[in-house]
Amino acid sequence: MTASPAAMGQDVEMKSADPVPVSALSQLKGVVTAIEKGVSTKEMRLMARANRLLLLVRRQLTVSVVNAFLKHALPAGSDALARLLPFAAAVEKSEKDMEVDTPPAAGQSHVSQKQSVLPEVEIFCYLLVTIFLIDQKQLEEAKTCSSAAVKRLQQLNRRTLDVLAARVYYYYSYSHELTDSLADIRGTLLALHQTATLRHDELGQETLLNLLLRNYLHYNLYDHAEKLRSKTQRSDSHSNQQLCRYLYYLGKIRTIQLEYTDAKECLLQAARKAPASARGFRIQCTKWAVIVRLLLGEIPERTTFMQPGMRKALRPYFELTNAVRIGDLELFRSVAEKNSSVFTADKSHNLIVRLRHNVIRTGLRNISIAYSRISLADVASKLHLDSATPVDDAESIVTKAIRDGGIDANVDHSKGWMQSKETGDIYSTQEPQQAFHSRIAFCLNTHNEAVKALRFPPDAHKKELESAEKRRERQQQEQELAKHIAEEDDDEF
């Protein structure tokens, strides 16, 4: 009997049903398998994959899943299991309406039958519990657990631990930052960085250097951060994330040191290299890059503030840019006062104060373009100078702007006016050449970085190498072909 089309459609729909999602515990067991394989093959990519898988399963973690995994991964009666289980118990006590997972089927047991465990698996368990405690807002317990993980790492010296250790260091610093106790771990981070340098742990060096820079910048110790950065030897970056963080911190240091050109390059590069998912990081980079460009006398494009998901966060900086672009000192004051809480939270309030001079200079440039001759009293009025002697201040501001090359004008001190000179052809200057040079340099730099970022499968070049027999056969064929061609040439001659 032939089935109807409707029935066939129903059968197809039933067969194409969504697969049952893999449980969090099964995924964690798969992570342990990947770690054990990575240790046996000395393959660091598998260790990095374990970190990525942990981030994927992070939101599915519950107390029962963590307990079951710890009992599966760690031997019964081990010191690590005895340390980590109380942390999960503390979360369980603090939860009133806890989601209970389905109990395991009969005959299944999550108790480990292992007599020993790899140090990599043990450190992964510490990392898992630390992340789970941070997500559950158990910050003091997370700080204690991460400190215990760092102490355990200090007792080990295995290169297969480098990837997991770098992640542990990050959450060790992050848990102390959340509890406002970063200053307490500065000595430990310095000792860990020294150990990583002696052991040639390049990923650990990058991670710990960024954590130390963040530690110093958190307390506005920019001089200490620059001294550490200048005396630390950096190799080629092994992590794009750590490179982005390093460029961001370096950009902040250069901004405070008034080296705006270098700061702009570092901040823009950090924002470009950051992944699209790191929206908060890209917002912070964009905020500082906008201020640096304003301090350089540049006006950021409007599209900078209209990026998806960033418009609301960048709104205060868009209003600030508009005030600087117009050169209105009164509008600049009102914007700075209205958004002072935002600028203080971003630790950019001191940089906003520096922009006052740029606002005045921009307004003066607009005045010099609009008027061929204008009195200094009118200049003071248009700039909204609120000092006791506005005319004298306007005269000094105009004189300084002429000396710095900001405007092309003359000041008649006796008659009290400013007379602008006629603007020349910009193409007769070197400005177009400099613009083309900067664009070409950017393209070349991007090409070089893309070439450096290319990755190839391991031992791929060996597949193309021919064996000795094939090489002899190829050479013999080439000799016979050359001899045959020579004989043909002789016949034709």
# chains A, B, ... in the order shown; residues from 1 in each chain; ligands from 1
>>> select_by_dssp(residues="segment 91-290 of chain A", states="helix (DSSP H, G or I)", output="ChimeraX atom specification")
/A:91-94,119-135,139-154,159-178,182-198,202-218,222-231,240-256,260-273,279-290
>>> residues_around(residues="segment 209-214 of chain A", least_positions_apart="2", cutoff="8 Å", atoms="only C-alpha atoms", output="PyMOL selection string")
chain A and resi 170+173+186+189-190+193+205-207+216-218+225+228-229+242+245-246+249
>>> select_by_dssp(residues="segment 316-484 of chain A", states="strand (DSSP E or B)", output="list in words")
Arg373, Ile374, Ser375, Ala409, Asn410, Val411, Asp412, Trp417, Met418, Gln419 and Ser420 of chain A
>>> write_last_selection(atoms="C-alpha atoms", output="PDB file, in the first residue's frame")
ATOM      1  CA  ARG A 373      39.710  90.620  10.445  1.00  0.00           C
ATOM      2  CA  ILE A 374      38.109  90.594  13.904  1.00  0.00           C
ATOM      3  CA  SER A 375      38.737  92.402  17.157  1.00  0.00           C
ATOM      4  CA  ALA A 409      47.114  85.109  10.965  1.00  0.00           C
ATOM      5  CA  ASN A 410      48.683  88.277  12.374  1.00  0.00           C
ATOM      6  CA  VAL A 411      47.879  90.231  15.545  1.00  0.00           C
ATOM      7  CA  ASP A 412      47.831  94.008  15.595  1.00  0.00           C
ATOM      8  CA  TRP A 417      42.486  92.933  16.260  1.00  0.00           C
ATOM      9  CA  MET A 418      43.453  89.685  14.516  1.00  0.00           C
ATOM     10  CA  GLN A 419      43.869  89.637  10.749  1.00  0.00           C
ATOM     11  CA  SER A 420      43.799  86.279   8.948  1.00  0.00           C
TER      12      SER A 420
END
>>> atom_distance(atom1="atom CA of Lys400 of chain A", atom2="atom CA of Arg361 of chain A")
9.7 Å
>>> residues_around(residues="segment 281-287 of chain A", least_positions_apart="5", cutoff="10 Å", atoms="only C-alpha atoms", output="PyMOL selection string")
chain A and resi 244-245+247-249+251-252+264+266-276+292+304-305+307+309-311+313-314+316-318+343+346+348
>>> residues_around(residues="segment 143-145 of chain A", least_positions_apart="6", cutoff="7 Å", atoms="only C-alpha atoms", output="list in words")
Tyr126, Thr130, Tyr172, Ser175 and His176 of chain A
>>> closest_residue(among="A:Cys125, A:Thr362, A:Phe87, A:Gly204", to="Val32 of chain A", atoms="only C-alpha atoms")
A:Cys125
>>> atom_distance(atom1="atom CA of Arg152 of chain A", atom2="atom CA of Glu43 of chain A")
22.5 Å
>>> closest_residue(among="A:Tyr222, A:Phe436, A:Phe124, A:Phe456", to="Val168 of chain A", atoms="only C-alpha atoms")
A:Phe124
>>> residues_around(residues="Leu320 of chain A", least_positions_apart="3", cutoff="10 Å", atoms="only C-alpha atoms", output="list in words")
Val290, Ile291, Leu294, Leu314, Arg315, Pro316, Tyr317, Ala323, Val324, Arg325, Leu331, Phe332, Arg333, Ser334, Val335, Ala336, Asn339, Ile352 and Leu355 of chain A
>>> write_last_selection(atoms="all heavy atoms", output="compact mmCIF listing (two decimals), in the first residue's frame")
# COMPACT_ATOMS: atom_id res chain seq x y z
N VAL A 290 38.90 57.74 20.98
CA VAL A 290 38.21 59.00 20.64
C VAL A 290 38.86 60.17 21.36
O VAL A 290 39.12 61.23 20.76
CB VAL A 290 36.71 58.88 21.00
CG1 VAL A 290 36.05 60.25 21.00
CG2 VAL A 290 36.00 57.95 20.03
N ILE A 291 39.15 60.00 22.65
CA ILE A 291 39.77 61.09 23.41
C ILE A 291 41.16 61.41 22.86
O ILE A 291 41.54 62.58 22.71
CB ILE A 291 39.85 60.72 24.90
CG1 ILE A 291 38.44 60.57 25.48
CG2 ILE A 291 40.61 61.77 25.69
CD1 ILE A 291 38.42 60.13 26.92
N LEU A 294 40.91 63.33 19.67
CA LEU A 294 40.52 64.72 19.94
C LEU A 294 41.72 65.52 20.46
O LEU A 294 41.90 66.69 20.09
CB LEU A 294 39.38 64.76 20.95
CG LEU A 294 38.02 64.23 20.47
CD1 LEU A 294 37.02 64.23 21.62
CD2 LEU A 294 37.50 65.06 19.31
N LEU A 314 28.63 54.95 23.86
CA LEU A 314 29.48 56.00 23.29
C LEU A 314 28.75 57.33 23.16
O LEU A 314 29.34 58.29 22.64
CB LEU A 314 29.99 55.57 21.91
CG LEU A 314 30.91 54.34 21.88
CD1 LEU A 314 31.28 54.01 20.45
CD2 LEU A 314 32.16 54.58 22.71
N ARG A 315 27.52 57.42 23.62
CA ARG A 315 26.75 58.67 23.49
C ARG A 315 27.44 59.86 24.17
O ARG A 315 27.53 60.94 23.58
CB ARG A 315 25.35 58.45 24.06
CG ARG A 315 24.44 59.67 23.91
CD ARG A 315 24.08 59.91 22.47
NE ARG A 315 23.32 61.14 22.29
CZ ARG A 315 22.92 61.60 21.12
NH1 ARG A 315 23.20 60.93 20.02
NH2 ARG A 315 22.22 62.72 21.03
N PRO A 316 27.92 59.73 25.42
CA PRO A 316 28.61 60.88 26.03
C PRO A 316 29.83 61.34 25.24
O PRO A 316 30.10 62.54 25.13
CB PRO A 316 29.01 60.36 27.42
CG PRO A 316 28.07 59.25 27.70
CD PRO A 316 27.81 58.62 26.38
N TYR A 317 30.56 60.41 24.65
CA TYR A 317 31.75 60.77 23.89
C TYR A 317 31.37 61.37 22.53
O TYR A 317 32.13 62.17 21.97
CB TYR A 317 32.64 59.54 23.71
CG TYR A 317 33.24 59.08 25.00
CD1 TYR A 317 32.55 58.23 25.87
CD2 TYR A 317 34.49 59.52 25.40
CE1 TYR A 317 33.10 57.83 27.08
CE2 TYR A 317 35.06 59.12 26.60
CZ TYR A 317 34.35 58.28 27.43
OH TYR A 317 34.89 57.89 28.63
N ALA A 323 31.02 68.92 20.67
CA ALA A 323 31.41 70.19 21.29
C ALA A 323 32.81 70.61 20.85
O ALA A 323 33.06 71.79 20.58
CB ALA A 323 31.34 70.07 22.81
N VAL A 324 33.73 69.65 20.76
CA VAL A 324 35.09 69.97 20.31
C VAL A 324 35.09 70.37 18.84
O VAL A 324 35.80 71.30 18.43
CB VAL A 324 36.03 68.78 20.56
CG1 VAL A 324 37.41 69.06 20.00
CG2 VAL A 324 36.12 68.47 22.05
N ARG A 325 34.28 69.69 18.04
CA ARG A 325 34.23 70.00 16.61
C ARG A 325 33.72 71.41 16.35
O ARG A 325 34.24 72.13 15.50
CB ARG A 325 33.33 68.98 15.91
CG ARG A 325 33.22 69.17 14.40
CD ARG A 325 32.25 68.15 13.82
NE ARG A 325 30.92 68.31 14.37
CZ ARG A 325 30.01 69.17 13.91
NH1 ARG A 325 30.31 69.96 12.89
NH2 ARG A 325 28.83 69.24 14.46
N LEU A 331 29.35 74.85 25.47
CA LEU A 331 28.78 73.53 25.25
C LEU A 331 29.69 72.45 25.81
O LEU A 331 29.23 71.45 26.38
CB LEU A 331 28.55 73.31 23.75
CG LEU A 331 27.98 71.95 23.34
CD1 LEU A 331 26.61 71.72 23.97
CD2 LEU A 331 27.89 71.84 21.82
N PHE A 332 30.99 72.63 25.68
CA PHE A 332 31.95 71.67 26.21
C PHE A 332 31.83 71.55 27.72
O PHE A 332 31.84 70.45 28.28
CB PHE A 332 33.36 72.09 25.82
CG PHE A 332 34.45 71.27 26.45
CD1 PHE A 332 34.75 70.01 25.98
CD2 PHE A 332 35.17 71.77 27.54
CE1 PHE A 332 35.75 69.25 26.57
CE2 PHE A 332 36.17 71.02 28.12
CZ PHE A 332 36.46 69.75 27.63
N ARG A 333 31.67 72.69 28.41
CA ARG A 333 31.51 72.66 29.88
C ARG A 333 30.23 71.92 30.27
O ARG A 333 30.23 71.11 31.21
CB ARG A 333 31.48 74.08 30.42
CG ARG A 333 32.80 74.84 30.33
CD ARG A 333 32.78 76.04 31.25
NE ARG A 333 33.86 76.97 30.94
CZ ARG A 333 33.72 78.07 30.22
NH1 ARG A 333 32.53 78.38 29.72
NH2 ARG A 333 34.75 78.86 29.97
N SER A 334 29.14 72.19 29.58
CA SER A 334 27.88 71.55 29.94
C SER A 334 27.93 70.04 29.71
O SER A 334 27.42 69.26 30.52
CB SER A 334 26.74 72.17 29.12
OG SER A 334 26.93 71.92 27.74
N VAL A 335 28.56 69.61 28.60
CA VAL A 335 28.68 68.18 28.33
C VAL A 335 29.56 67.51 29.38
O VAL A 335 29.26 66.41 29.87
CB VAL A 335 29.25 67.95 26.91
CG1 VAL A 335 29.59 66.48 26.71
CG2 VAL A 335 28.25 68.41 25.87
N ALA A 336 30.68 68.15 29.75
CA ALA A 336 31.58 67.58 30.75
C ALA A 336 30.90 67.46 32.11
O ALA A 336 31.09 66.47 32.83
CB ALA A 336 32.84 68.43 30.86
N ASN A 339 28.01 64.57 31.98
CA ASN A 339 28.51 63.20 31.90
C ASN A 339 29.74 62.97 32.78
O ASN A 339 30.55 62.08 32.51
CB ASN A 339 28.88 62.86 30.45
CG ASN A 339 27.71 62.99 29.51
OD1 ASN A 339 26.68 62.35 29.68
ND2 ASN A 339 27.86 63.84 28.49
N ILE A 352 39.69 64.65 29.86
CA ILE A 352 38.66 65.60 29.41
C ILE A 352 39.08 67.02 29.75
O ILE A 352 38.85 67.95 28.97
CB ILE A 352 37.30 65.26 30.04
CG1 ILE A 352 36.91 63.81 29.75
CG2 ILE A 352 36.23 66.21 29.54
CD1 ILE A 352 36.81 63.46 28.30
N LEU A 355 41.22 68.62 27.20
CA LEU A 355 40.58 68.97 25.93
C LEU A 355 40.15 70.44 25.87
O LEU A 355 39.81 70.92 24.78
CB LEU A 355 39.36 68.08 25.69
CG LEU A 355 39.63 66.65 25.20
CD1 LEU A 355 38.33 65.86 25.13
CD2 LEU A 355 40.27 66.70 23.83
>>> closest_residue(among="A:Leu133, A:Leu178, A:Tyr371, A:Leu208", to="Ala166 of chain A", atoms="only C-alpha atoms")
A:Leu208
>>> closest_residue(among="A:His357, A:Tyr219, A:Cys443, A:Val150", to="Ala191 of chain A", atoms="only C-alpha atoms")
A:Val150
>>> atom_distance(atom1="atom CA of Glu298 of chain A", atom2="atom CA of Asp223 of chain A")
27.1 Å
